[in-house]
Structures are given as C-alpha cells and as structure tokens.
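Novice: I am attaching a structure below and will ask some questions about it afterwards.
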Amino acid sequence: MAEKEQAQSTDAKEIFLAEIDRLRKENEALLAELEKKNSQVEKLHKELKKKDAVIEELQRSVKRQTAPFSKGPPKAHPKRPGRKRGAAYGRKGHRPPPSKIDETYAVPLPSACPGCGGTRLVQERTLPQYQTEIPRKPIARQFNVACGHCADCGCAVHGRHPLQTSNALGSAASQLGPNAQALAVHLNKNAGLSHGKITHLFETVFGIALSRGGSAQIMLRAADRCTSAYCNIMVWVRQSAWVVADETGWKVGGLLHWLHVFVTPWATLYVIRDSRGHDVAEDALGSDYAGHMVHDGWQPYDRFIHASHTQCNAHLLRRCKHLIEQARGRAVAFPRQVKALLLKGLALRDARDAGIYSQRTAERKVVVLEDRLLDLCTLKTHPGNRRLSNFAQRHIPDIFNYIWHPGTDATNYRGEQAIRPAVVNRKVWGGSRTENGAHAEGILKSTLRTAAQLGYDTIHFLAETLSAPLGCEPQLVPKGN
C-alpha cells in the first residue's frame with residue numbers, strides 16, 4: 001500500500017513538473033511574442049510620429065499668411081540651370097535700341113594692335129552700340145517767389161510755379177521736388193523699402209540728404225494730397241457691379257488692427273481699422289450694397305443681404321485637402337466627395353467659357369451639382385467633416401454661384417493678390433506706428449494700385465498730384481464699368 005502511494009506521489013510530482021515545464025515554455029513563447037509586438041508598436045509609433053510631423057507642417061503652412069515662399073527641400077536631381085540648346089532655347093530676347101538718343105560718342109580704333117603691338121590699323125566699318133543710363137546728379141532749383149498784397153483788400157498774395165510742391169518759405173523753403181517725393185512714396189509702398197533704406201538710397205545714389213522722419217513726412221503729405229482721389233475710389237467701389245473682399249492682420253502702434261481690401265474691375269480700396277467686423281465692410285460698400293460679392297467664409301460678409309455671394313472655392317478645396325490628410329477610415333469619404341463636386345463645378349465653368357456649353361446648359365448642370373452637394377451634407381460624426389457639412393449646407397446657393405453670374409470669379413484670388421504686397425511690407429516694418437500713418441497707408445495703397453489698374457504711370461501721377469495747387473489735384477479716370 002505504501003509503495004502504491006509512493007508511486008502515485010511520484011507520478012503526480014512528474015506531472016506537476018511537466019506542467020511547470022510546459023507553462024515555462026509557454027511563458028517564454030508569450031514573452032517572445034510580446035517583445036515582437038512591442039517592437040512592432042515602437043515601429044508604428046515612429047511612423048505615426050513622422051506622419052504627425054508632416055501633418056503639423058502642413059497645418060502650419062496652410063495658416064501662413066500669403067504663404068509659402070519656400071518650395072520645400074531641393075530636388076535630388078534638378079534640371080540643369082540656364083538656357084537650353086537648339087529649339088528648346090526659347091525666345092531670344094534682347095534690349096531694343098533707345099527711341100531717342102541724348103548723347104553720342106565716337107569710339108576710334110586703339111593706337112596699337114593689342115595682339116602684336118603694330119600701329120598700321122585699318123578701319124573697315126562703324127557699328128553702333130547703345131546704352132541706357134540713369135541720372136545720378138540731382139537738379140537743384142531755386143524759385144524766386146514774388147510776394148505782395150492786394151491793393152483792394154490787403155490780402156497777402158504770392159506766386160506759384162507748376163514745379164513747386166508747397167507754398168512754404170523761410171526756414172521751410174528747402175524741399176524735395178515732386179519727382180523725388182513720388183519716388184520715395186513708390187519705394188515705400190510699392191517696393192517695400194523702409195524709411196531707413198529710402199534715406200540710404202537717396203544718399204548713396206543721388207547724394208540727397210533725407211532723414212527717416214523726413215521720409216515719413218513725405219508719406220503723410222502725399223496721402224493728404226491724394227485724399228480726393230481716395231474719396232473717388234470709395235465711390236467707384238460702392239457703385240461697382242461686383243467686388244472681391246478680403247482682410248489680413250495689421251499692427252498699428254503694436255496693437256492688432258486689420259487691413260481690409262475691396263477689389264473691383266477698375267479700383268482697389270484699402271482700409272485699416274481696429275475691427276474685423278461687418279462695420280468696416282459696411283462703411284466701404286454701404287449697408288444696401290446689391291452687387292455681387294466674392295469672398296471667403298468670413299461670416300460678416302454674409303450680412304449683405306441685398307448682394308449675391310460666391311464663396312471662394314479655393315478655400316473650400318484647401319479645407320477638403322486638409323481633412324483628407326487628417327481624417328482616418330470612413331471619414332475621408334466626405335471631403336473627397338465634396339472636392340470632386342467642386343472640381344466638376346470649375347470644369348463646368350471652363351467648358352461654358354470655352355463655348356462647349358451654353359449658359360442655359362451650364363445652369364441646368366449646376367443644379368445637379370447643388371443637389372448632390374446637399375445630399376452629402378448629412379449629420380457627420382467627425383468634427384472637421386461636421387463643420388464643413390454645416391458650412392456647405394448654409395451656403396449651397398453661394399458655392400456654385402459663379403455659374404449663375406458669368407464674368408465673376410470662383411475664388412477671391414484678386415483680393416489675395418491685392419493683399420500680398422501689403423503682407424510683404426508688413427514683414428519688413430511690422431505695420432504702422434500711428435493711426436495717422438495707418439490712414440495714410442490706406443490712402444496711398446488705394447491710389448497707387450488703382451492708378452496701376454487704370455494704366456497710369458504711378459510716379460508721374462504722384463508727382464503731378466504733389467505739385468498741383470490745393471483743390472486742383474489731378475483725378476483718376478475709370479475706364480468704365
């Protein structure tokens with residue numbers, strides 16, 4: 001009996017040890033599997049971190065104002081720089097000869113041959129060469145102004161020459177001429193030079209002493225003389241059949257303001273205010289503006305209830321692209337479908353403009369696109385898709401409205417192009433220091449860009465404005481609606 005119990009105990013012990021050995025091997029296999037899974041998880045974490053970095057960079061690039069001057073890293077195998085050989089060389093451009101020759105110089109043969117030193121040189125022909133140079137010597141003018149009084153009423157009177165920019169005499173008698181002042185304004189507002197760089201350029205190129213404060217005063221005086229043209233621009237914008245609106249941040253004295261721009265076929269209006277709301281657009285266009293407005297999704301523009309609207313399709317396409325890059329799984333389907341409808345609308349417009357479709361056919365087809373977009377705008381669980389769906393549902397008539405209004409744009413690119421030079425200037429000096437400077441900025445930018453739209457020589461127009469008597473400034477003339 002004892003032997004039997006001992007054998008059973010031995011068998012149980014062996015079974016127990018075998019079970020422990022099996023469990024140990026199973027545990028080792030599980031640990032190996034866990035280590036393998038951990039390595040996979042770590043690898044996936046690294047890949048996800050890289051994707052998150054790419055997404056973050058894309059988000060930052062989308063939010064950059066007038067974006068990205070950078071094109072990313074250089075190509076591994078870029079094309080060879082310079083002109084191509086043969087037929088791929090392209091248009092062989094060259095500077096044409098000047099239409100008027102002011103100076104002529106004779107260039108004889110040298111006294112000796114540069115190769116052998118011989119002096120028996122025979123002239124065979126004479127060929128012309130042309131050169132266009134800039135004058136660097138400033139013109140110093142003196143005006144002997146006759147001063148007197150009226151024998152009838154005793155009022156003081158004085159003469160004025162067409163080249164004078166001011167009636168100031170005495171300690172303020174020495175001034176810059178109209179062309180010099182117009183050039184300073186052009187360099188600051190169009191070329192983006194700071195007042196310090198303008199003074200440096202005047203000193204080094206022309207030998208004209210000018211302080212930074214003097215350059216700033218030129219801007220204020222020029223804006224004051226362009227006020228009449230600015231008022232006319234405001235009237236033209238209000239009367240325009242369509243307008244493209246946009247806005248961007250602007251600093252005045254270090255405080256956040258907003259630069260608003262309103263672009264029409266023949267005029268561009270800039271306004272700098274401390275508000276981004278509807279009140280600025282209402283002051284610029286009037287509360288009863290009944291034309292066609294092209295703009296982004298900024299809600300205050302929707303309060304122009306008498307106007308028809310087109311929501312910028314480029315902004316919507318960027319939103320779709322952003323959602324496609326961020327969404328996961330089934331959430332990608334909605335932005336892809338919206339993007340496809342937007343591209344179909346743009347293709348429909350191009351076909352209509354090319355004469356493939358008539359306006360009536362395009363309108364019939366765009367109704368189908370609007371219905372499909374409305375069907376897509378159902379309840380969404382993804383936050384980004386839900387916001388896009390709600391926006392599209394509210395603005396279904398405005399998204400393809402450029403089909404219903406031939407001649408209008410599908411995007412607000414005109415507004416962004418008008419804002420871009422201001423943003424470049426903002427990167428140079430950060431904005432305006434005072435409210436007066438901000439007001440002058442709006443007047444001069446509006447005048448210069450409108451003059452360029454109408455085909456004026458901006459420097460010549462500014463020079464004429466600065467030298468005209470008060471109340472007799474030249475006016476910009478629009479070419480028509």
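Quick note on naming: the chains in the structure tokens go A, B, ... in the order shown, residues restart at 1 in each chain, and ligands are numbered from 1 in order of appearance.
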Tell me, which residues of range 91-284 of chain A carry DSSP strand (DSSP E or B), written as JSON, numbers by chain?

Specialist: {"A": [147, 148, 149, 156, 157, 158, 242, 243, 244, 245, 246, 247, 248, 249, 250, 251, 252, 255, 256, 257, 258, 259, 260, 261, 262, 263, 268, 269, 270, 271, 272, 273]}

Novice: Convert the current residue selection to file output with C-alpha atoms, as an mmCIF file, in the first residue's frame.

Specialist:
```cif
data_model
loop_
_atom_site.group_PDB
_atom_site.id
_atom_site.type_symbol
_atom_site.label_atom_id
_atom_site.label_comp_id
_atom_site.auth_asym_id
_atom_site.auth_seq_id
_atom_site.Cartn_x
_atom_site.Cartn_y
_atom_site.Cartn_z
ATOM 1 C CA CYS A 147 5.267 138.152 -52.700
ATOM 2 C CA GLY A 148 2.904 141.083 -52.302
ATOM 3 C CA HIS A 149 -0.605 142.106 -51.315
ATOM 4 C CA ALA A 156 -1.226 138.691 -48.927
ATOM 5 C CA VAL A 157 -0.510 137.072 -52.291
ATOM 6 C CA HIS A 158 2.453 135.199 -53.754
ATOM 7 C CA TRP A 242 -19.023 93.127 -58.293
ATOM 8 C CA VAL A 243 -16.382 93.291 -55.596
ATOM 9 C CA VAL A 244 -13.842 90.851 -54.142
ATOM 10 C CA ALA A 245 -13.266 91.311 -50.404
ATOM 11 C CA ASP A 246 -10.530 90.035 -48.106
ATOM 12 C CA GLU A 247 -8.677 91.048 -44.949
ATOM 13 C CA THR A 248 -5.471 90.345 -43.041
ATOM 14 C CA GLY A 249 -3.869 91.345 -39.770
ATOM 15 C CA TRP A 250 -2.038 94.659 -39.424
ATOM 16 C CA LYS A 251 -0.316 96.273 -36.444
ATOM 17 C CA VAL A 252 -0.764 99.925 -35.525
ATOM 18 C CA LEU A 255 -1.778 96.757 -31.394
ATOM 19 C CA LEU A 256 -3.697 94.370 -33.612
ATOM 20 C CA HIS A 257 -5.673 96.004 -36.424
ATOM 21 C CA TRP A 258 -6.974 94.692 -39.726
ATOM 22 C CA LEU A 259 -6.210 95.688 -43.294
ATOM 23 C CA HIS A 260 -9.326 95.262 -45.450
ATOM 24 C CA VAL A 261 -9.209 95.262 -49.237
ATOM 25 C CA PHE A 262 -12.063 95.598 -51.740
ATOM 26 C CA VAL A 263 -11.159 94.912 -55.367
ATOM 27 C CA THR A 268 -8.982 98.831 -55.274
ATOM 28 C CA LEU A 269 -9.805 100.196 -51.837
ATOM 29 C CA TYR A 270 -7.634 99.588 -48.739
ATOM 30 C CA VAL A 271 -8.954 100.334 -45.258
ATOM 31 C CA ILE A 272 -7.058 99.830 -41.976
ATOM 32 C CA ARG A 273 -9.236 99.614 -38.860
#
```

Novice: Just the residues within 12 Å of Asn412 in chain A, please, counting only C-alpha atoms, with nothing from its chain fewer than 3 positions along; format it as a VMD selection string.

Specialist: chain A and resid 242 to 247 261 to 264 293 to 298 309 to 316 402 408 to 409 415 to 419

Novice: Go ahead and save the residues from that selection, with N, CA and C atoms, as a short mmCIF file (atom, residue, chain, number, x, y, z; two decimals), in the first residue's frame.

Specialist:
```cif
data_model
loop_
_atom_site.label_atom_id
_atom_site.label_comp_id
_atom_site.auth_asym_id
_atom_site.auth_seq_id
_atom_site.Cartn_x
_atom_site.Cartn_y
_atom_site.Cartn_z
N TRP A 242 -19.52 94.22 -59.12
CA TRP A 242 -19.02 93.13 -58.29
C TRP A 242 -17.78 93.59 -57.54
N VAL A 243 -17.51 92.94 -56.44
CA VAL A 243 -16.38 93.29 -55.60
C VAL A 243 -15.84 92.02 -54.95
N VAL A 244 -14.52 91.96 -54.83
CA VAL A 244 -13.84 90.85 -54.14
C VAL A 244 -13.27 91.40 -52.84
N ALA A 245 -13.66 90.81 -51.72
CA ALA A 245 -13.27 91.31 -50.40
C ALA A 245 -12.36 90.32 -49.69
N ASP A 246 -11.42 90.87 -48.92
CA ASP A 246 -10.53 90.03 -48.11
C ASP A 246 -9.93 90.91 -47.02
N GLU A 247 -9.28 90.30 -46.05
CA GLU A 247 -8.68 91.05 -44.95
C GLU A 247 -7.52 90.25 -44.37
N VAL A 261 -9.38 94.90 -47.84
CA VAL A 261 -9.21 95.26 -49.24
C VAL A 261 -10.48 94.90 -49.99
N PHE A 262 -10.88 95.79 -50.91
CA PHE A 262 -12.06 95.60 -51.74
C PHE A 262 -11.65 95.88 -53.19
N VAL A 263 -11.66 94.83 -54.00
CA VAL A 263 -11.16 94.91 -55.37
C VAL A 263 -12.33 94.91 -56.33
N THR A 264 -12.33 95.85 -57.27
CA THR A 264 -13.34 95.93 -58.33
C THR A 264 -12.62 95.95 -59.68
N MET A 293 -20.70 89.75 -54.57
CA MET A 293 -19.54 89.71 -53.70
C MET A 293 -18.87 88.34 -53.78
N VAL A 294 -17.56 88.35 -53.94
CA VAL A 294 -16.75 87.13 -53.91
C VAL A 294 -15.85 87.23 -52.69
N HIS A 295 -15.90 86.23 -51.82
CA HIS A 295 -15.14 86.31 -50.57
C HIS A 295 -14.97 84.91 -49.99
N ASP A 296 -14.18 84.85 -48.93
CA ASP A 296 -14.01 83.58 -48.24
C ASP A 296 -15.19 83.38 -47.27
N GLY A 297 -15.05 82.42 -46.37
CA GLY A 297 -16.17 82.09 -45.50
C GLY A 297 -16.34 82.97 -44.29
N TRP A 298 -15.70 84.15 -44.27
CA TRP A 298 -15.82 85.04 -43.11
C TRP A 298 -17.27 85.51 -42.99
N HIS A 309 -23.75 86.32 -53.48
CA HIS A 309 -22.45 85.93 -52.93
C HIS A 309 -21.90 84.71 -53.65
N THR A 310 -20.57 84.67 -53.75
CA THR A 310 -19.85 83.47 -54.18
C THR A 310 -18.79 83.16 -53.13
N GLN A 311 -18.90 81.98 -52.53
CA GLN A 311 -17.90 81.55 -51.57
C GLN A 311 -16.66 81.07 -52.33
N CYS A 312 -15.50 81.48 -51.86
CA CYS A 312 -14.24 81.15 -52.54
C CYS A 312 -14.06 79.63 -52.60
N ASN A 313 -14.03 79.08 -53.81
CA ASN A 313 -13.86 77.64 -53.97
C ASN A 313 -12.45 77.18 -53.62
N ALA A 314 -11.46 78.06 -53.75
CA ALA A 314 -10.09 77.68 -53.38
C ALA A 314 -9.99 77.42 -51.89
N HIS A 315 -10.66 78.23 -51.08
CA HIS A 315 -10.67 77.99 -49.63
C HIS A 315 -11.34 76.66 -49.31
N LEU A 316 -12.44 76.35 -49.99
CA LEU A 316 -13.13 75.08 -49.74
C LEU A 316 -12.27 73.89 -50.17
N TYR A 402 -20.88 81.32 -59.19
CA TYR A 402 -20.15 81.89 -60.32
C TYR A 402 -20.68 81.35 -61.65
N THR A 408 -17.91 86.58 -63.29
CA THR A 408 -17.41 86.69 -61.92
C THR A 408 -16.47 85.52 -61.63
N ASP A 409 -15.68 85.66 -60.59
CA ASP A 409 -14.65 84.68 -60.25
C ASP A 409 -15.20 83.60 -59.33
N GLY A 415 -8.53 89.48 -54.34
CA GLY A 415 -8.32 90.05 -53.02
C GLY A 415 -7.00 89.62 -52.42
N GLU A 416 -6.64 88.35 -52.57
CA GLU A 416 -5.38 87.86 -52.03
C GLU A 416 -4.19 88.47 -52.76
N GLN A 417 -4.33 88.67 -54.07
CA GLN A 417 -3.24 89.32 -54.81
C GLN A 417 -3.08 90.77 -54.38
N ALA A 418 -4.19 91.44 -54.07
CA ALA A 418 -4.09 92.83 -53.60
C ALA A 418 -3.50 92.90 -52.20
N ILE A 419 -3.73 91.88 -51.39
CA ILE A 419 -3.21 91.87 -50.02
C ILE A 419 -1.73 91.51 -49.99
#
```

Novice: Would you mind reading off the distance between CA of Pro73 in chain A and CA of Asp52 in chain A, one decimal, in Å?

Specialist: 18.5 Å

Novice: Which neighbours of range 455-463 of chain A fall inside 10 Å, counting only C-alpha atoms, when residues of the same chain fewer than 5 positions from it are skipped, and could you give them as a PyMOL selection string?

Specialist: chain A and resi 163+165+177-186+190+222-223+225-226+266+444+447-450+468+473-479

Novice: In Å to one decimal, how far is CA of Gly192 in chain A from CA of Thr204 in chain A?

Specialist: 18.2 Å

Novice: From the set A:Thr465, A:Ser39, A:Ser389, A:Thr132, which residue has the shortest atom-to-atom contact distance to Cys320 in chain A, counting only C-alpha atoms?

Specialist: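 Checking each candidate against Cys320 in chain A, we get A:Ser389 as the closest.
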
Novice: If you count only C-alpha atoms, which residues fall within 8 Å of Asn188 in chain A, apart from same-chain ones fewer than 6 positions away, as number ranges by chain?

Specialist: A: 194-195, 198

Novice: Which residues are close to Val332 in chain A, i.e. within 12 Å by only C-alpha atoms, leaving aside same-chain residues fewer than 6 positions away? Reply as a list in words.

Specialist: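 Everything that qualifies: Cys320, Lys321, His322, Leu323, Ile324, Glu325, Gln326, Val338, Lys339, Lys380, Thr381, His382, Gly384 and Asn385 of chain A.
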
Novice: Could you please determine the separation between CA of Ser240 in chain A and CA of Gly355 in chain A in Å, to one decimal place?

Specialist: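 So the two atoms, CA of Ser240 in chain A and CA of Gly355 in chain A, lie 26.9 Å apart.
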
Novice: Please provide the set of residues having any atom within 8 Å of range 361-377 of chain A, restricted to only C-alpha atoms, with same-chain residues fewer than 3 positions apart removed, written as a list of chain:residue names.

Specialist: A:Phe334, A:Val338, A:Leu341, A:Gly345, A:Leu348, A:Arg349, A:Arg352, A:Tyr357, A:Ser358, A:Ser389, A:Asn390, A:Ala392, A:Gln393, A:Ile396, A:Pro397, A:Phe400, A:Ile403, A:Trp404
